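Note sheet for the following structure.
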Amino acid sequence: MVNRNIEIKARAKDLKETLRLARALSDSPPLALVQEDVFFNAPAGRLKLRTINDESSELIYYERSNETGPKTSGYIRAAVPDPRLMRELLGRAYGVRGIVRKRRTLCLVGITRVHLDEVEGLGNFVELEVVLPEDGSAEEGVRIAREIMRKLHVDDSSLVGGAYIDLLTRAGTK
């Protein structure tokens with residue numbers, strides 16, 4: 001089943017201040033995650049193998065435009081019990097595009113996942129993922145994203161398009 005969310009990504013001006021604001025909006029304590037995303041050369045969309053805190057792994061396929069600002073992302077996730085074998089398999093089938101390593105602080109604000117990311121080789125970012133219910137409208141998701149952006153003091157001038165792997169590729173550090 002394809003899930004949908006509305007996403008934004010922005011450069012973080014002050015990650016500590018953004019965390020303070022996100023904590024005030026969240027109903028639960030923040031969660032610290034260390035993630036490694038291995039991206040593969042997929043013929044369409046993006047395909048990555050994510051390992052979280054060296055404890056669990058999942059395969060994620062997603063399609064999303066590279067525009068800045070709130071945008072719809074369609075994605076499918078599957079747990080991966082043997083990430084080493086999956087990496088070998090997909091690496092042989094498609095080739096490894098690159099690896100993104102990050103420290104992520106996750107705050108849940110209603111149906112929105114607020115990610116405060118320290119990305120190796122790129123710097124600090126804020127990501128919002130407004131997880132849409134099955135019958136949820138993209139317009140409502142955009143409205144929620146814009147409202148949370150305002151509350152976190154994220155302005156349009158700090159928005160970036162593309163995925164971290166794209167930014168790393170452009171920087172020549174993938």
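Naming scheme: A, B, ... for chains in displayed order of the structure tokens; residues 1 onward per chain; ligands 1 onward as shown.
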Do you have, as a Markdown table, the list of residues of range 51-128 of chain A lying at most 8 Å from range 152-160 of chain A, each with its nearest atom pair and that distance in Å to one decimal, counting only C-alpha atoms and ordered by chain then number?
```
| residue | atom | partner | partner_atom | distance |
| --- | --- | --- | --- | --- |
| A:Glu67 | CA | A:Val160 | CA | 7.7 |
| A:Thr68 | CA | A:Val160 | CA | 5.1 |
| A:Gly69 | CA | A:Leu159 | CA | 6.2 |
```
Export of the given selection (C-alpha atoms) as a CSV table (one decimal), in the first residue's frame:
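For reference, part-v2.csv as written:
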```csv
chain,number,residue,atom,x,y,z
A,67,GLU,CA,10.6,21.4,-5.7
A,68,THR,CA,11.1,23.5,-2.6
A,69,GLY,CA,8.1,24.1,-0.3
```
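Backbone DSSP assigns helix (DSSP H, G or I) in range 2-95 of chain A to Leu15, Lys16, Glu17, Thr18, Leu19, Arg20, Leu21, Ala22, Arg23, Ala24, Leu25, Pro83, Arg84, Leu85, Met86, Arg87, Glu88, Leu89, Leu90, Gly91, Arg92, Ala93 and Tyr94 of chain A.
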Find the spatial neighbours of range 17-32 of chain A, counting only C-alpha atoms, within a cut-off of 10 Å - ignore same-chain residues fewer than 4 positions away - and output them as a ChimeraX atom specification. /A:12-13,53,103-110,112-116,125-126,148,151-154
For the residues in that selection, give me C-alpha atoms as a PDB file, in the first residue's frame.
```pdb
ATOM      1  CA  ALA A  12      18.151  24.952  10.138  1.00  0.00           C
ATOM      2  CA  LYS A  13      19.366  28.321  11.330  1.00  0.00           C
ATOM      3  CA  ASN A  53      20.375   2.906  15.692  1.00  0.00           C
ATOM      4  CA  ARG A 103      21.649  12.085  13.647  1.00  0.00           C
ATOM      5  CA  ARG A 104      17.928  12.756  13.826  1.00  0.00           C
ATOM      6  CA  THR A 105      15.801  14.078  16.648  1.00  0.00           C
ATOM      7  CA  LEU A 106      12.158  13.169  16.071  1.00  0.00           C
ATOM      8  CA  CYS A 107       9.293  15.128  17.614  1.00  0.00           C
ATOM      9  CA  LEU A 108       5.692  14.134  16.954  1.00  0.00           C
ATOM     10  CA  VAL A 109       3.265  17.031  16.572  1.00  0.00           C
ATOM     11  CA  GLY A 110      -0.189  15.636  15.878  1.00  0.00           C
ATOM     12  CA  THR A 112       3.352  15.557  11.713  1.00  0.00           C
ATOM     13  CA  ARG A 113       6.798  14.093  12.167  1.00  0.00           C
ATOM     14  CA  VAL A 114       9.248  16.929  12.877  1.00  0.00           C
ATOM     15  CA  HIS A 115      12.803  15.833  12.073  1.00  0.00           C
ATOM     16  CA  LEU A 116      15.777  17.835  13.291  1.00  0.00           C
ATOM     17  CA  PHE A 125      18.134  20.664   8.604  1.00  0.00           C
ATOM     18  CA  VAL A 126      14.491  20.650   9.621  1.00  0.00           C
ATOM     19  CA  ILE A 148       4.082  24.209  11.814  1.00  0.00           C
ATOM     20  CA  LYS A 151       5.492  27.982  14.677  1.00  0.00           C
ATOM     21  CA  LEU A 152       9.068  26.693  14.211  1.00  0.00           C
ATOM     22  CA  HIS A 153      10.162  29.955  12.528  1.00  0.00           C
ATOM     23  CA  VAL A 154      11.017  28.151   9.269  1.00  0.00           C
TER      24      VAL A 154
END
```
Strand (DSSP E or B) per DSSP on the backbone: members of range 15-109 of chain A, as a PyMOL selection string: chain A and resi 31-40+46-52+56-64+71-79+96-109
C-alpha atoms of the current selection, written as a compact mmCIF listing (two decimals), in the first residue's frame:
```
# COMPACT_ATOMS: atom_id res chain seq x y z
CA LEU A 31 13.39 10.53 20.16
CA ALA A 32 17.10 10.40 19.22
CA LEU A 33 17.91 8.32 16.15
CA VAL A 34 21.11 7.54 14.28
CA GLN A 35 20.28 6.66 10.68
CA GLU A 36 22.22 5.37 7.72
CA ASP A 37 20.45 5.45 4.36
CA VAL A 38 22.02 3.51 1.50
CA PHE A 39 20.53 4.77 -1.78
CA PHE A 40 20.40 2.59 -4.86
CA ARG A 46 14.23 6.78 -4.89
CA LEU A 47 15.08 3.49 -3.20
CA LYS A 48 16.95 3.34 0.09
CA LEU A 49 17.83 0.86 2.78
CA ARG A 50 17.60 2.59 6.16
CA THR A 51 19.26 1.29 9.30
CA ILE A 52 18.17 2.93 12.57
CA SER A 56 16.39 -2.20 12.77
CA SER A 57 16.30 -1.75 9.02
CA GLU A 58 13.67 -1.01 6.43
CA LEU A 59 13.52 -0.67 2.68
CA ILE A 60 11.84 2.55 1.54
CA TYR A 61 10.75 3.40 -1.99
CA TYR A 62 9.38 6.88 -2.55
CA GLU A 63 8.39 9.30 -5.26
CA ARG A 64 8.54 13.03 -4.61
CA LYS A 71 5.06 18.71 -1.66
CA THR A 72 3.36 15.32 -1.77
CA SER A 73 5.45 12.20 -1.30
CA GLY A 74 4.18 8.69 -1.95
CA TYR A 75 6.08 5.93 -0.21
CA ILE A 76 6.17 2.24 0.62
CA ARG A 77 8.14 0.81 3.56
CA ALA A 78 9.03 -2.79 4.37
CA ALA A 79 10.94 -4.18 7.35
CA VAL A 96 24.81 1.96 -4.81
CA ARG A 97 24.18 5.63 -5.53
CA GLY A 98 25.50 6.88 -2.19
CA ILE A 99 25.11 6.84 1.58
CA VAL A 100 23.53 9.44 3.85
CA ARG A 101 24.39 9.36 7.55
CA LYS A 102 22.54 11.53 10.04
CA ARG A 103 21.65 12.09 13.65
CA ARG A 104 17.93 12.76 13.83
CA THR A 105 15.80 14.08 16.65
CA LEU A 106 12.16 13.17 16.07
CA CYS A 107 9.29 15.13 17.61
CA LEU A 108 5.69 14.13 16.95
CA VAL A 109 3.27 17.03 16.57
```
Asn124 in chain A surroundings by only C-alpha atoms, 7 Å radius, close-in-sequence under 4 positions cut, as a PyMOL selection string: chain A and resi 11-12+15+117-119
Just write the chosen residues, C-alpha atoms, as a JSON list (two decimals), in the first residue's frame.
```json
[["chain", "number", "residue", "atom", "x", "y", "z"],
["A", 11, "ARG", "CA", 18.23, 24.46, 6.37],
["A", 12, "ALA", "CA", 18.15, 24.95, 10.14],
["A", 15, "LEU", "CA", 18.81, 23.60, 15.65],
["A", 117, "ASP", "CA", 18.69, 16.42, 11.31],
["A", 118, "GLU", "CA", 22.44, 16.73, 11.59],
["A", 119, "VAL", "CA", 23.54, 15.35, 8.22]]
```
Between CA of Ile165 in chain A and CA of Gly95 in chain A, what is the distance, to one decimal in Å? 14.4 Å
Please compute the CA of Ile111 in chain A-CA of Met1 in chain A distance, one decimal, in Å.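 One can read the CA of Ile111 in chain A to CA of Met1 in chain A distance as 18.7 Å.
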For a quick check of understanding, using only C-alpha atoms, which of A:Val2, A:Gly45, A:Leu122, A:Pro70 has the smallest distance to Arg143 in chain A?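 Among the listed residues, the smallest separation from Arg143 in chain A belongs to A:Pro70.
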If we count only C-alpha atoms and set the cut-off at 12 Å, which residues sit around Gly136 in chain A, ignoring sequence neighbours fewer than 6 positions away in its own chain? Please answer as an MDAnalysis selection string. chainID A and resid 3:6 72 111 130 142:144
Would you mind exporting the chosen residues as a JSON list (two decimals), in the first residue's frame, restricted to N, CA and C atoms?
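Now in again18.json:
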```json
[["chain", "number", "residue", "atom", "x", "y", "z"],
["A", 3, "ASN", "N", 1.61, 4.90, 0.94],
["A", 3, "ASN", "CA", 1.26, 5.92, 1.93],
["A", 3, "ASN", "C", 1.61, 7.28, 1.33],
["A", 4, "ARG", "N", 1.01, 8.34, 1.90],
["A", 4, "ARG", "CA", 1.30, 9.70, 1.42],
["A", 4, "ARG", "C", 1.58, 10.62, 2.58],
["A", 5, "ASN", "N", 2.47, 11.57, 2.33],
["A", 5, "ASN", "CA", 2.63, 12.66, 3.27],
["A", 5, "ASN", "C", 2.97, 13.93, 2.51],
["A", 6, "ILE", "N", 2.91, 15.02, 3.22],
["A", 6, "ILE", "CA", 3.34, 16.32, 2.69],
["A", 6, "ILE", "C", 4.65, 16.63, 3.39],
["A", 72, "THR", "N", 3.86, 16.65, -2.08],
["A", 72, "THR", "CA", 3.36, 15.32, -1.77],
["A", 72, "THR", "C", 4.43, 14.28, -2.04],
["A", 111, "ILE", "N", -0.26, 14.82, 13.58],
["A", 111, "ILE", "CA", 0.04, 13.87, 12.50],
["A", 111, "ILE", "C", 1.34, 14.20, 11.77],
["A", 130, "VAL", "N", 4.02, 15.59, 7.13],
["A", 130, "VAL", "CA", 2.63, 15.56, 7.57],
["A", 130, "VAL", "C", 2.06, 14.26, 7.00],
["A", 142, "VAL", "N", -0.78, 20.49, 3.37],
["A", 142, "VAL", "CA", 0.01, 21.71, 3.11],
["A", 142, "VAL", "C", -0.32, 22.76, 4.16],
["A", 143, "ARG", "N", -1.59, 22.91, 4.49],
["A", 143, "ARG", "CA", -1.99, 23.89, 5.51],
["A", 143, "ARG", "C", -1.31, 23.59, 6.85],
["A", 144, "ILE", "N", -1.32, 22.31, 7.24],
["A", 144, "ILE", "CA", -0.68, 21.90, 8.50],
["A", 144, "ILE", "C", 0.83, 22.16, 8.44]]
```
Length of the CA of Glu134 in chain A to CA of Glu147 in chain A vector [Å]: 21.2 Å
